[in-house]
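Colleague: Got a structure for you, written out below as structure tokens; questions coming shortly.
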2 protein chains.
Amino acid sequence: MATLSDVAARAGVSISAVSRVLSNAPSARVSVETRRRIQEAAAELGYRPNFAARALKFSRTNVVALVVPDLTNAIFTELMRGVETRAHELGYMVLLARAESIEPGSEAIARLIGEGRVDGVLAQVGDSMEEDDVRSLLDGGVPAVLVNSRRSSHLGSVILDDAAAARVAVEHLVRLGHTRIALVNGLVTTDSANRRGDGYRSAMDAAGLSVADDLVTNFGYEPRQGRDAMRTLAGLAEPPTAIVVANVNAAIGVLLEARILGLHVPEELSIVAVHDAWTAENTWPPLTTVRMPLFELGRQAMSAMVERITSGLVTDRVVNDPAPVLVVRESTAPPHPRPLGS
Amino acid sequence: MATLSDVAARAGVSISAVSRVLSNAPSARVSVETRRRIQEAAAELGYRPNFAARALKFSRTNVVALVVPDLTNAIFTELMRGVETRAHELGYMVLLARAESIEPGSEAIARLIGEGRVDGVLAQVGDSMEEDDVRSLLDGGVPAVLVNSRRSSHLGSVILDDAAAARVAVEHLVRLGHTRIALVNGLVTTDSANRRGDGYRSAMDAAGLSVADDLVTNFGYEPRQGRDAMRTLAGLAEPPTAIVVANVNAAIGVLLEARILGLHVPEELSIVAVHDAWTAENTWPPLTTVRMPLFELGRQAMSAMVERITSGLVTDRVVNDPAPVLVVRESTAPPHPRPLGS
DNA sequence: ATGCTGTGAGCAAACGATTGAGCACCGAGT
DNA sequence: ACTCGGTGCTCAATCGTTTGCTCACAGCAT
């Protein structure tokens with residue numbers, strides 16, 4: 001790897017001249033001829049500025065960490081694409097960190113943040129992360145922006161309009177004629193679950209429908225937890241005819257368990273999932289979903305991060321521009337005349 | 001962030017003394033008392049060596065890039081877990097790079113490698129990556145190890161026993177009594193597809209079964225391509241009664257298309273997928289698969305990488321230890337007496 | 001006293017890039 | 001002739017660590 005001094009030697013000038021020319025420094029008073037020689041030499045040698053040297057000089061790496069609970073989650077693809085797109089535009093790189101690999105005693109967090117490897121942390125903290133680890137992420141000395149997971153104690157977040165998404169889902173089911181509509185939600189401790197719960201309740205209210213407590217479950221966002229929720233709901237004295245599932249992965253579990261229980265979707269049970277992902281069109285039946293602007297969420301999160309790094313501005317934003325939109329597939333239908341389970 | 005000189009000032013000694021003590025240098029001739037003072041000061045200040053400074057000094061970052069075609073692929077989770085586990089043991093960090101984000105004109109590759117951000121590249125190159133970009137990855141000046149995707153031109157790879165996996169799948173179907181067994185494979189240009197094809201053919205031979213050319217498709221590993229394959233196979237004059245799908249994602253597409261065509265799985269059509277993943281148990285019916293040692297693949301790949309970085313040893317390995325094992329779920333059964341489609 | 005050895009520690013150069021300050025030269029103005 | 005203001009470039013310090021070398025001093029033998 002060629003260094004500045006290699007280029008300087010080849011062009012017959014000093015290191016500083018090369019540095020100024022190659023970085024387009026406004027203070028560079030260099031003749032056209034010299035400039036040409038330098039650029040030629042740099043090109044011939046394939047010069048690239050050394051990352052470590054710059055990082056040392058500026059105390060900035062132009063790298064931000066993106067912490068997500070679990071990479072397999074199809075939902076994160078869009079989020080990551082958004083983050084990376086914006087990062088690229090702004091000259092940043094993204095260091096992807098799985099929350100799982102961070103957990104044990106936050107030693108990994110210390111390495112990430114304490115050694116100055118990243119300029120900031122974008123964190124999508126899920127159910128599974130230890131509170132202590134979350135705190136050391138947020139208080140670790142570098143700017144942290146929470147992605148769709150606020151906490152009261154921490155400023156700097158970018159979230160989706162989850163309430164609106166839940167509302168869209170409920171309204172769709174109401175239009176189809178459902179009245180007993182359940183919500184399969186995430187843990188009550190998570191912010192996003194609360195917001196989706198609020199949206200669900202407000203839409204039910206608006207439709208003049210009552211919400212029995214047992215129509216809302218809070219097992220979590222994973223397939224297995226979706227199955228648990230489905231089993232619980234099917235066991236009710238008056239089971240629902242339709243379900244809003246707060247997450248597409250949980251919905252896959254709901255679908256599987258419904259099938260095992262012999263419930264036909266959508267004839268006997270309608271299902272709408274919040275978030276769209278490739279898995280949603282490969283289930284049977286293909287899932288009706290509410291698509292959320294995850295790409296835009298990622299973009300905005302990255303923008304907020306860089307704004308914070310460069311100007312110190314801390315903001316809380318709600319991404320609402322491509323509004324939540326219903327994607328009708330085949331998991332929803334008007335309610336069956338005969339109550340479920342009879 | 002505290003620096004060496006902060007610690008030195010607090011302990012009342014020179015920077016070099018601190019450096020030697022904190023890095024346990026054998027050449028450190030320092031009294032017990034001074035040593036204690038230094039360690040105390042370091043602890044009080046929460047000293048962590050600066051990443052950039054070390055990287056500059058050693059020309060080593062202790063970071064390796066892991067390039068995968070697509071992060072959502074459930075298969076990569078295990079691979080990544082293996083890579084990360086071993087990396088952690090060896091004091092390395094993993095920089096995850098999606099192949100998609102690398103593609104455009106290899107500018108991203110140049111940034112990754114050319115600027116000295118990583119000491120090596122672990123690459124799982126899929127179908128979708130441009131040949132030029134692959135080359136600049138491999139010839140970029142840092143050690144590269146290919147993960148389950150060899151090329152003749154490049155030394156240094158770690159692969160799975162894909163032939164054995166295909167064999168296990170075929171043998172299962174043969175035991176059930178199937179004779180018309182198809183293979184839904186990846187692109188013929190990929191190494192892994194060839195190895196799976198070989199395993200399939202050798203197992204068919206061993207069972208005394210002939211392989212009609214049209215029983216093997218080569219559309220690719222994604223769900224959509226699995227659907228294409230299923231449609232093609234169903235359209236044959238003599239359709240298969242069982243299918244080995246070379247990848248679990250493609251199998252999801254196969255399953256979906258079979259359902260759309262009205263083919264009952266497993267009554268009319270048996271399906272076995274190579275690779276196990278969480279998605280496999282959430283399909284309907286749950287997929288019978290051949291589980292491969294992906295975690296171990298990741299571990300070994302990382303080991304090979306570090307060996308290469310530190311001792312320059314270039315190896316080609318086959319990971320075979322947890323041998324491919326059949327996971328029987330509900331997508332396979334004995335052949336239906338009535339030929340499919342009649 | 002002088003020389004020698006061992007111990008405990010500091011000095012200073014290097015890694016590669018950036019940048020304020022300084023130096024040499026040239027034509028022009030007085 | 002002498003200064004002045006540009007122009008074109010170089011010097012050298014700096015970021016935080018590492019590490020070969022040097023240095024001061026004590027204890028001991030001559």
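Ligands are numbered from 1 in the order shown, chains are lettered A, B, ... in the order of the structure tokens, and residues start at 1 in each chain.
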Compute the set of chain B residues within 7 Å of chain D, using only C-alpha atoms (C1' of nucleotides), and express it as an NGL selection string.

Modeller: :B and (3 or 50 or 53-54 or 57)

Colleague: Using the selection just defined, write its residues with C-alpha atoms as a short mmCIF file (atom, residue, chain, number, x, y, z; two decimals), in the first residue's frame.

Modeller:
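The resulting file, selection-v6.cif, is reproduced below:
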data_model
loop_
_atom_site.label_atom_id
_atom_site.label_comp_id
_atom_site.auth_asym_id
_atom_site.auth_seq_id
_atom_site.Cartn_x
_atom_site.Cartn_y
_atom_site.Cartn_z
CA THR B 3 -4.63 8.04 26.91
CA ASN B 50 -6.68 3.60 21.21
CA ALA B 53 -3.01 4.33 17.15
CA ARG B 54 -2.38 0.61 17.48
CA LYS B 57 1.71 1.29 14.62
#

Colleague: If you superpose chain B onto chain A over the full set of Cα atoms in sequence order, what number do you get for the RMSD in Å?

Modeller: 0.1 Å

Colleague: What residues in chain A lie within 10 Å of chain C, counting only C-alpha atoms (C1' of nucleotides), written as a PyMOL selection string?

Modeller: chain A and resi 3-5+15-16+19-20+23+25+27+49-58

Colleague: Check the DSSP output for the backbone and give back, as a list of chain:residue names, the residues of segment 75-230 of chain A in strand (DSSP E).

Modeller: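 Strand (DSSP E) assignments inside segment 75-230 of chain A correspond to A:Met93, A:Val94, A:Leu95, A:Leu96, A:Ala97, A:Arg98, A:Gly120, A:Val121, A:Leu122, A:Ala123, A:Ala144, A:Val145, A:Leu146, A:Val147, A:Ser157, A:Val158, A:Ile159, A:Leu160, A:Ile181, A:Ala182, A:Leu183, A:Val184, A:Asn185, A:Val216, A:Thr217, A:Asn218.
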
Colleague: Can you write just those residues out, C-alpha atoms, as an mmCIF file, in the first residue's frame?

Modeller:
data_model
loop_
_atom_site.group_PDB
_atom_site.id
_atom_site.type_symbol
_atom_site.label_atom_id
_atom_site.label_comp_id
_atom_site.auth_asym_id
_atom_site.auth_seq_id
_atom_site.Cartn_x
_atom_site.Cartn_y
_atom_site.Cartn_z
ATOM 1 C CA MET A 93 -19.118 2.949 6.812
ATOM 2 C CA VAL A 94 -21.416 0.745 8.862
ATOM 3 C CA LEU A 95 -20.121 -1.796 11.320
ATOM 4 C CA LEU A 96 -22.867 -4.306 11.833
ATOM 5 C CA ALA A 97 -23.095 -5.781 15.291
ATOM 6 C CA ARG A 98 -25.460 -8.504 16.333
ATOM 7 C CA GLY A 120 -21.525 6.535 17.117
ATOM 8 C CA VAL A 121 -23.980 3.753 17.761
ATOM 9 C CA LEU A 122 -27.292 3.143 16.057
ATOM 10 C CA ALA A 123 -29.163 0.736 18.265
ATOM 11 C CA ALA A 144 -26.181 6.829 20.461
ATOM 12 C CA VAL A 145 -29.386 6.981 18.479
ATOM 13 C CA LEU A 146 -32.168 4.559 19.233
ATOM 14 C CA VAL A 147 -33.979 3.068 16.281
ATOM 15 C CA SER A 157 -34.294 8.404 18.616
ATOM 16 C CA VAL A 158 -35.980 7.712 15.320
ATOM 17 C CA ILE A 159 -39.199 5.764 15.342
ATOM 18 C CA LEU A 160 -41.963 4.624 13.051
ATOM 19 C CA ILE A 181 -60.280 -8.667 16.666
ATOM 20 C CA ALA A 182 -57.277 -9.782 18.714
ATOM 21 C CA LEU A 183 -53.797 -8.267 18.953
ATOM 22 C CA VAL A 184 -50.739 -10.497 19.150
ATOM 23 C CA ASN A 185 -48.233 -8.044 20.500
ATOM 24 C CA VAL A 216 -54.380 -8.930 23.628
ATOM 25 C CA THR A 217 -51.337 -11.150 24.166
ATOM 26 C CA ASN A 218 -47.794 -10.032 24.870
#

Colleague: Write out as a ChimeraX atom specification each polymer residue whose atoms come within 8 Å of Leu187 of chain B, counting only C-alpha atoms (C1' of nucleotides); drop sequence neighbours fewer than 4 positions from it.

Modeller: /B:127,193,218-220

Colleague: Only C-alpha atoms, please: the residues just picked out, written as a PDB file, in the first residue's frame.

Modeller:
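Output file part24.pdb follows:
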ATOM      1  CA  ASP B 127     -24.578 -16.084  -7.703  1.00  0.00           C
ATOM      2  CA  ALA B 193     -24.172 -26.395  -7.077  1.00  0.00           C
ATOM      3  CA  ASN B 218     -30.501 -24.878 -12.228  1.00  0.00           C
ATOM      4  CA  PHE B 219     -32.458 -21.723 -11.512  1.00  0.00           C
ATOM      5  CA  GLY B 220     -30.814 -20.623  -8.292  1.00  0.00           C
TER       6      GLY B 220
END

Colleague: What is the atom CA of Ala87 of chain A-atom CA of Pro322 of chain A distance in Å, reported with one decimal?

Modeller: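 Between these atoms lies a distance of 20.4 Å.
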
Colleague: Skip Pro293 of chain B itself and residues of its chain fewer than 3 positions away, then list as a count of residues only all residues within 8 Å of it, counting only C-alpha atoms (C1' of nucleotides).

Modeller: 9

Colleague: Check segment 142-230 of chain B with DSSP on the backbone and list each residue it calls alpha helix (DSSP H), as a PyMOL selection string.

Modeller: chain B and resi 162-176+191-206+223-230

Colleague: How about saving the chosen residues, C-alpha atoms kept, as a compact mmCIF listing (two decimals), in the first residue's frame?

Modeller:
# COMPACT_ATOMS: atom_id res chain seq x y z
CA ASP B 162 -22.12 -30.70 -0.19
CA ALA B 163 -21.89 -33.93 -2.13
CA ALA B 164 -22.49 -35.90 1.05
CA ALA B 165 -25.47 -33.72 1.89
CA ALA B 166 -27.09 -34.34 -1.46
CA ARG B 167 -26.37 -38.04 -1.04
CA VAL B 168 -28.04 -38.14 2.38
CA ALA B 169 -31.11 -36.45 0.91
CA VAL B 170 -31.34 -38.83 -2.02
CA GLU B 171 -30.81 -41.89 0.15
CA HIS B 172 -33.67 -40.84 2.42
CA LEU B 173 -36.01 -40.59 -0.55
CA VAL B 174 -34.78 -43.87 -1.99
CA ARG B 175 -35.44 -45.60 1.34
CA LEU B 176 -39.00 -44.27 1.20
CA ASP B 191 -19.09 -24.46 -7.22
CA SER B 192 -21.48 -25.57 -4.51
CA ALA B 193 -24.17 -26.40 -7.08
CA ASN B 194 -21.73 -28.61 -8.91
CA ARG B 195 -20.77 -30.44 -5.75
CA ARG B 196 -24.41 -30.98 -4.81
CA GLY B 197 -25.11 -32.15 -8.33
CA ASP B 198 -22.28 -34.67 -8.10
CA GLY B 199 -23.55 -36.01 -4.80
CA TYR B 200 -27.05 -36.35 -6.19
CA ARG B 201 -25.86 -38.21 -9.26
CA SER B 202 -23.59 -40.55 -7.35
CA ALA B 203 -26.36 -41.45 -4.91
CA MET B 204 -28.79 -42.04 -7.75
CA ASP B 205 -26.22 -44.24 -9.47
CA ALA B 206 -25.60 -46.15 -6.27
CA PRO B 223 -37.58 -18.64 -3.30
CA ARG B 224 -38.65 -17.16 -6.62
CA GLN B 225 -36.24 -19.44 -8.44
CA GLY B 226 -37.52 -22.39 -6.47
CA ARG B 227 -40.99 -21.56 -7.76
CA ASP B 228 -39.72 -21.49 -11.33
CA ALA B 229 -38.10 -24.86 -10.81
CA MET B 230 -41.25 -26.39 -9.37

Colleague: Could you give me, as a VMD selection string, the residues within 10 Å of Thr34 of chain A, counting only C-alpha atoms (C1' of nucleotides) and dropping anything in the same chain fewer than 5 positions from it?

Modeller: (chain A and resid 11 to 13 17 to 18 21 39 to 40) or (chain D and resid 8)
